[in-house]
Every structure is written in structure tokens, then in C-alpha cells.
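J.: Have a look at this one.
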Amino acid sequence: MVEAVQGAGVVVTGAGGGIGAALARRFAAGGARVVVNDLDADRAKAVAEEIGGTAVPGDASAVVGEARDALGGVVDVYCANAGVAFEDPDPSAPLDERAWTASWEVNVMAHVRAAHALLPDWLERGGGRFVSTVSAAGLLTMIGAAPYSVTKHGAYAFAEWLSLTYRHRGLKVHAICPQGVRTDMLAASGSAGDLVLRPTAIEPDAVADALFRGIEEDRFLILPHPEVAGYYQARATEPDRWLRGMNRVQRQWEATR
């Protein structure tokens, strides 16, 4: 059990299923008071009832105020978990910006808005914890998912910026970067997900386990798939070799479509 979690007021966005629900269950099991947020009110309510938490459905970009009230005025841990993903459209077709706009709003700006609402209290108190569910796509890049890859890079960069800017003032930040996780998002990822993510996919509970180990060890970067560290290093030190390898995966994918 992690001492930092016991009695803490925790908010988990996108917690109606998948990774978010696993995080909510794990925090509740550790003695936290949990607010379950999801756009789907019924799913949020079901998870909240299961764990003895409080459902606060709605847009993750605007949940902080109501969630804080539900927790008696204090949020100790905020899990920015809500996310969206879209398969790339045909690149020869006219650009449809809706996928880019939705990805930017949910995958990046929801994190920014939450931090903006939380930071004044956290800095005054000298403590708080921001957990960002990013994705290995935020460290690497996922084929067939340009809006997702680009905005997850943004989410990782924002988490990194929060950590380097405020860690001396008591803010703890964790960036979770799994590869495939057996969720509805993976099921909807199409043939690219089948090729790249499904063979090594893990259960959402494994992601929650990895986060709790990271909290205990006070680590920023959480890698539920440890092999991602090697891929990340290769990308940084030998980018052309890494890009050639990923292009081979791209061509393999194209051959199956």
C-alpha cells in the first residue's frame, strides 16, 4: 500500500472503463477518496458505485471545480486519463480537421486546463500529484494515427514541463506510457493496432500496478512495457535507423490493407 494514497482526494478522468477504471479501483483499494469522471454518466456511476467513490460525469476539461467540491475542497491527486484516438483518413482525401481538433482538446488541452485550475492550491499547500496517461506513442510514434501520435507527444511534453517547473515546490508528476492495453480504444484501433499493439497488449490493471510502483519509487516516467525504454533510446540516438525500421512496419501494414 502506498502511504501517499491513503486518505487522498483523487480525480480520475475517463474512468468509466479501461485504464481509468483500473486506476480508480486501485486508488480506492489504497484508501483514497475517488471521483470518477467520464463523458458517459452511466459508466461513471457504475464504477463509482463499485468502488465507493463519487461520480462526476462530464467533459474532462471542466471537471476540476465540481470534483474538488465532491472531495471536500481539496484534490490531492489528479489523473488526466481521458483520451481519444482516430484512425488516419485517406491522405489523398480532403483534410478533415475534426479529428485533429478533438485530439488536441482532449489529449492536450484538458491536461493544461486541469493543471491551470489545480496549481494555485497545490503551490500554496506545497504539494500535489499530477498523473498523465500519455502512451508510448508520446515517446515514439504510432503508425496510422497522426493526430493521436502528435497530441500524445504534446501531453508528454506538458507533463515534463510541469515536473521540471514545479518539482522543487512539491509537485509530483508521473507520465504513464504503455503500448497496447486491452481496452475499447485498442479494440477500435483497427488493423494498425492489430499489427503493432495487440501482440504485446496488457490488461489495464497492469498499468495501475506500474503507476503505483512509480509512485512508491518517485519516478516521473512510468513504462508498463519496459521494452519501450530501449525503443526510446534508439529513437533518440539513431533516429534514421529507427525511422527506417518504423517505415518497414508502415509498409507491412499497407500490404495488409
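Letters A, B, ... go to the chains of the C-alpha cells in the order shown; residues in each chain start at 1; ligands are counted from 1 in the same order.
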Near Leu140 of chain A, counting only C-alpha atoms, which residues have an atom at most 9 Å away, once you skip same-chain residues fewer than 2 positions from it, shown as a PDB file with N, CA and C atoms, in the first residue's frame?
T.:
```
ATOM      1  N   SER A 135       1.012   7.505 -23.314  1.00  0.00           N
ATOM      2  CA  SER A 135       1.055   6.415 -24.294  1.00  0.00           C
ATOM      3  C   SER A 135       2.488   6.328 -24.772  1.00  0.00           C
ATOM      4  N   ALA A 136       2.901   5.133 -25.152  1.00  0.00           N
ATOM      5  CA  ALA A 136       4.211   5.008 -25.785  1.00  0.00           C
ATOM      6  C   ALA A 136       4.264   5.829 -27.069  1.00  0.00           C
ATOM      7  N   ALA A 137       3.100   6.102 -27.656  1.00  0.00           N
ATOM      8  CA  ALA A 137       3.065   6.950 -28.857  1.00  0.00           C
ATOM      9  C   ALA A 137       3.576   8.347 -28.568  1.00  0.00           C
ATOM     10  N   GLY A 138       3.532   8.778 -27.307  1.00  0.00           N
ATOM     11  CA  GLY A 138       4.058  10.087 -26.937  1.00  0.00           C
ATOM     12  C   GLY A 138       5.567  10.118 -26.826  1.00  0.00           C
ATOM     13  N   MET A 142       3.070   6.235 -33.419  1.00  0.00           N
ATOM     14  CA  MET A 142       2.246   5.101 -33.835  1.00  0.00           C
ATOM     15  C   MET A 142       1.872   5.244 -35.305  1.00  0.00           C
ATOM     16  N   SER A 149      -0.665  10.423 -32.275  1.00  0.00           N
ATOM     17  CA  SER A 149       0.767  10.477 -32.008  1.00  0.00           C
ATOM     18  C   SER A 149       1.227  11.890 -31.681  1.00  0.00           C
ATOM     19  N   HIS A 153       2.533  13.262 -27.992  1.00  0.00           N
ATOM     20  CA  HIS A 153       3.814  13.930 -27.786  1.00  0.00           C
ATOM     21  C   HIS A 153       3.603  15.229 -26.997  1.00  0.00           C
ATOM     22  N   VAL A 228       9.901  -0.388 -23.941  1.00  0.00           N
ATOM     23  CA  VAL A 228       9.770   0.935 -24.548  1.00  0.00           C
ATOM     24  C   VAL A 228      11.008   1.796 -24.257  1.00  0.00           C
ATOM     25  N   TYR A 231      13.399   1.249 -27.038  1.00  0.00           N
ATOM     26  CA  TYR A 231      12.942   1.879 -28.278  1.00  0.00           C
ATOM     27  C   TYR A 231      13.149   3.397 -28.219  1.00  0.00           C
ATOM     28  N   TYR A 232      12.872   3.955 -27.065  1.00  0.00           N
ATOM     29  CA  TYR A 232      13.012   5.406 -26.871  1.00  0.00           C
ATOM     30  C   TYR A 232      14.475   5.824 -27.003  1.00  0.00           C
ATOM     31  N   ARG A 235      15.441   5.621 -30.686  1.00  0.00           N
ATOM     32  CA  ARG A 235      14.880   6.754 -31.416  1.00  0.00           C
ATOM     33  C   ARG A 235      15.719   8.009 -31.218  1.00  0.00           C
TER      34      ARG A 235
END
```
J.: Please extract the residues of segment 74-146 of chain A with a backbone DSSP assignment of strand (DSSP E or B) and present them as a list in words.
T.: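 Matching residues for strand (DSSP E or B) in segment 74-146 of chain A are Val77, Tyr78, Cys79, Ala80, Gly128, Arg129, Phe130, Val131, Ser132 and Thr133 of chain A.
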J.: Name the residues of segment 70-131 of chain A that fall into alpha helix (DSSP H) according to DSSP on the backbone, using the chain letters and numbers of this document, as a PDB file with N, CA and C atoms, in the first residue's frame.
T.:
```pdb
ATOM      1  N   ALA A  70     -16.754  17.822  -4.513  1.00  0.00           N
ATOM      2  CA  ALA A  70     -17.132  16.467  -4.097  1.00  0.00           C
ATOM      3  C   ALA A  70     -16.142  15.878  -3.110  1.00  0.00           C
ATOM      4  N   ARG A  98     -11.551  17.758 -37.948  1.00  0.00           N
ATOM      5  CA  ARG A  98     -12.267  17.445 -36.715  1.00  0.00           C
ATOM      6  C   ARG A  98     -11.484  16.488 -35.822  1.00  0.00           C
ATOM      7  N   ALA A  99     -10.825  15.492 -36.412  1.00  0.00           N
ATOM      8  CA  ALA A  99     -10.046  14.548 -35.608  1.00  0.00           C
ATOM      9  C   ALA A  99      -8.874  15.251 -34.936  1.00  0.00           C
ATOM     10  N   TRP A 100      -8.236  16.170 -35.654  1.00  0.00           N
ATOM     11  CA  TRP A 100      -7.132  16.922 -35.068  1.00  0.00           C
ATOM     12  C   TRP A 100      -7.613  17.811 -33.924  1.00  0.00           C
ATOM     13  N   THR A 101      -8.733  18.481 -34.132  1.00  0.00           N
ATOM     14  CA  THR A 101      -9.254  19.381 -33.099  1.00  0.00           C
ATOM     15  C   THR A 101      -9.661  18.613 -31.845  1.00  0.00           C
ATOM     16  N   ALA A 102     -10.385  17.516 -32.026  1.00  0.00           N
ATOM     17  CA  ALA A 102     -10.816  16.721 -30.874  1.00  0.00           C
ATOM     18  C   ALA A 102      -9.614  16.143 -30.138  1.00  0.00           C
ATOM     19  N   SER A 103      -8.628  15.667 -30.876  1.00  0.00           N
ATOM     20  CA  SER A 103      -7.435  15.101 -30.247  1.00  0.00           C
ATOM     21  C   SER A 103      -6.683  16.156 -29.450  1.00  0.00           C
ATOM     22  N   TRP A 104      -6.538  17.330 -30.011  1.00  0.00           N
ATOM     23  CA  TRP A 104      -5.850  18.420 -29.312  1.00  0.00           C
ATOM     24  C   TRP A 104      -6.597  18.810 -28.041  1.00  0.00           C
ATOM     25  N   ALA A 110      -7.101  19.422 -22.208  1.00  0.00           N
ATOM     26  CA  ALA A 110      -7.757  19.011 -20.963  1.00  0.00           C
ATOM     27  C   ALA A 110      -6.737  18.922 -19.830  1.00  0.00           C
ATOM     28  N   HIS A 111      -5.511  18.486 -20.137  1.00  0.00           N
ATOM     29  CA  HIS A 111      -4.443  18.428 -19.144  1.00  0.00           C
ATOM     30  C   HIS A 111      -4.036  19.847 -18.729  1.00  0.00           C
ATOM     31  N   VAL A 112      -3.885  20.709 -19.713  1.00  0.00           N
ATOM     32  CA  VAL A 112      -3.472  22.089 -19.442  1.00  0.00           C
ATOM     33  C   VAL A 112      -4.510  22.797 -18.578  1.00  0.00           C
ATOM     34  N   ARG A 113      -5.771  22.635 -18.926  1.00  0.00           N
ATOM     35  CA  ARG A 113      -6.830  23.317 -18.162  1.00  0.00           C
ATOM     36  C   ARG A 113      -6.912  22.787 -16.735  1.00  0.00           C
ATOM     37  N   ALA A 114      -6.756  21.481 -16.578  1.00  0.00           N
ATOM     38  CA  ALA A 114      -6.790  20.912 -15.225  1.00  0.00           C
ATOM     39  C   ALA A 114      -5.642  21.450 -14.393  1.00  0.00           C
ATOM     40  N   ALA A 115      -4.451  21.463 -14.954  1.00  0.00           N
ATOM     41  CA  ALA A 115      -3.297  21.971 -14.209  1.00  0.00           C
ATOM     42  C   ALA A 115      -3.483  23.439 -13.850  1.00  0.00           C
ATOM     43  N   HIS A 116      -4.020  24.211 -14.771  1.00  0.00           N
ATOM     44  CA  HIS A 116      -4.265  25.633 -14.511  1.00  0.00           C
ATOM     45  C   HIS A 116      -5.211  25.816 -13.322  1.00  0.00           C
ATOM     46  N   ALA A 117      -6.211  24.953 -13.224  1.00  0.00           N
ATOM     47  CA  ALA A 117      -7.172  25.052 -12.126  1.00  0.00           C
ATOM     48  C   ALA A 117      -6.602  24.529 -10.814  1.00  0.00           C
ATOM     49  N   LEU A 118      -5.686  23.575 -10.870  1.00  0.00           N
ATOM     50  CA  LEU A 118      -5.177  22.916  -9.668  1.00  0.00           C
ATOM     51  C   LEU A 118      -3.936  23.588  -9.082  1.00  0.00           C
ATOM     52  N   LEU A 119      -3.101  24.156  -9.917  1.00  0.00           N
ATOM     53  CA  LEU A 119      -1.799  24.636  -9.466  1.00  0.00           C
ATOM     54  C   LEU A 119      -1.850  25.683  -8.351  1.00  0.00           C
ATOM     55  N   PRO A 120      -2.735  26.670  -8.404  1.00  0.00           N
ATOM     56  CA  PRO A 120      -2.702  27.665  -7.313  1.00  0.00           C
ATOM     57  C   PRO A 120      -2.808  27.040  -5.927  1.00  0.00           C
ATOM     58  N   ASP A 121      -3.726  26.104  -5.742  1.00  0.00           N
ATOM     59  CA  ASP A 121      -3.883  25.449  -4.449  1.00  0.00           C
ATOM     60  C   ASP A 121      -2.690  24.557  -4.134  1.00  0.00           C
ATOM     61  N   TRP A 122      -2.231  23.801  -5.118  1.00  0.00           N
ATOM     62  CA  TRP A 122      -1.103  22.906  -4.889  1.00  0.00           C
ATOM     63  C   TRP A 122       0.158  23.679  -4.510  1.00  0.00           C
ATOM     64  N   LEU A 123       0.415  24.785  -5.180  1.00  0.00           N
ATOM     65  CA  LEU A 123       1.614  25.557  -4.880  1.00  0.00           C
ATOM     66  C   LEU A 123       1.505  26.235  -3.520  1.00  0.00           C
ATOM     67  N   GLU A 124       0.315  26.653  -3.163  1.00  0.00           N
ATOM     68  CA  GLU A 124       0.116  27.248  -1.848  1.00  0.00           C
ATOM     69  C   GLU A 124       0.329  26.216  -0.748  1.00  0.00           C
ATOM     70  N   ARG A 125      -0.139  24.999  -0.985  1.00  0.00           N
ATOM     71  CA  ARG A 125      -0.003  23.932   0.010  1.00  0.00           C
ATOM     72  C   ARG A 125       1.370  23.270  -0.028  1.00  0.00           C
TER      73      ARG A 125
END
```
J.: Would you give me, as a Markdown table, each residue of segment 49-141 of chain A having an atom within 10 Å of an atom of segment 213-223 of chain A, along with its shortest atom pair and that distance in Å to one decimal, using only C-alpha atoms and sorting by chain and residue number?
T.:
```
| residue | atom | partner | partner_atom | distance |
| --- | --- | --- | --- | --- |
| A:Arg129 | CA | A:Ile215 | CA | 9.6 |
| A:Val131 | CA | A:Phe220 | CA | 9.2 |
| A:Ser132 | CA | A:Ile222 | CA | 9.9 |
| A:Thr133 | CA | A:Ile222 | CA | 9.4 |
| A:Val134 | CA | A:Ile222 | CA | 9.7 |
| A:Ser135 | CA | A:Leu223 | CA | 9.1 |
| A:Ala136 | CA | A:Leu223 | CA | 8.1 |
```
J.: Restricting the calculation to only C-alpha atoms: of A:Arg198, A:Arg167, A:Arg241, A:His174, which residue gets closest to Val77 of chain A?
T.: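 Once distances to Val77 of chain A are computed over only C-alpha atoms, the minimum belongs to A:His174.
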J.: Using only C-alpha atoms, which of the listed residues (A:Glu254, A:Glu227, A:Glu160, A:Asp205) sits closest to Arg182 of chain A?
T.: A:Asp205
J.: Considering only C-alpha atoms, state which residue in the set A:Val2, A:Val63, A:Ile19, A:Val10 is at the smallest distance from Glu203 of chain A.
T.: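 Between A:Val2, A:Val63, A:Ile19, A:Val10, the residue approaching Glu203 of chain A most closely is A:Ile19.
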J.: Ranking A:Met246, A:Leu211, A:Ala62, A:Leu139 by minimum distance to Gln233 of chain A and counting only C-alpha atoms, which one comes first?
T.: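 Closest residue, counting only C-alpha atoms: A:Leu139.
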J.: Ranking A:Arg251, A:Arg244, A:Arg33, A:Arg169 by minimum distance to Thr54 of chain A and counting only C-alpha atoms, which one comes first?
T.: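 Looking at the shortest contact to Thr54 of chain A, the residue is A:Arg33.
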J.: Near Ile202 of chain A, counting only C-alpha atoms, which residues have an atom at most 7 Å away, once you skip same-chain residues fewer than 4 positions from it, shown as a PyMOL selection string?
T.: chain A and resi 180-182+206
J.: Write out as a VMD selection string each polymer residue whose atoms come within 10 Å of Gly7 of chain A, counting only C-alpha atoms; drop sequence neighbours fewer than 2 positions from it.
T.: chain A and resid 3 to 5 9 to 10 27 to 28 30 to 34 76
J.: Let me make sure I understand: among A:Val74, A:Tyr166, A:Leu195, A:Val12, which one has the smallest atom-to-atom distance to Ala255 of chain A if we use only C-alpha atoms?
T.: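 Using only C-alpha atoms, the shortest distance to Ala255 of chain A belongs to A:Leu195.
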J.: So that I can see what lies close to segment 65-68 of chain A, please list as a list in words the residues with an atom at most 7 Å from it, counting only C-alpha atoms and leaving out residues fewer than 5 positions away in the same chain.
T.: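 Counting only the stated atoms, we get Val11, Val35, Val56, Gly73, Val74 and Val75 of chain A.
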J.: Emit the selected residues as an mmCIF file, in the first residue's frame, including C-alpha atoms.
T.:
```cif
data_model
loop_
_atom_site.group_PDB
_atom_site.id
_atom_site.type_symbol
_atom_site.label_atom_id
_atom_site.label_comp_id
_atom_site.auth_asym_id
_atom_site.auth_seq_id
_atom_site.Cartn_x
_atom_site.Cartn_y
_atom_site.Cartn_z
ATOM 1 C CA VAL A 11 -9.796 12.508 -9.509
ATOM 2 C CA VAL A 35 -14.008 10.975 -8.010
ATOM 3 C CA VAL A 56 -18.815 13.439 -11.592
ATOM 4 C CA GLY A 73 -12.457 21.232 -1.206
ATOM 5 C CA VAL A 74 -9.107 19.515 -1.825
ATOM 6 C CA VAL A 75 -7.757 17.494 -4.764
#
```
J.: Hey, what's within 9 Å of Leu162 of chain A if we count only C-alpha atoms and toss same-chain stuff fewer than 5 positions away? As a list in words, please?
T.: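 Non-adjacent residues within range: Ala115, Phe130, Ala157, Arg167, Leu171, Lys172 and Val173 of chain A.
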J.: List the neighbours of Met185 of chain A out to 10 Å using only C-alpha atoms; skip same-chain residues closer than 5 positions along the sequence, and give me the result as number ranges by chain.
T.: A: 18, 83-86, 180, 190, 193
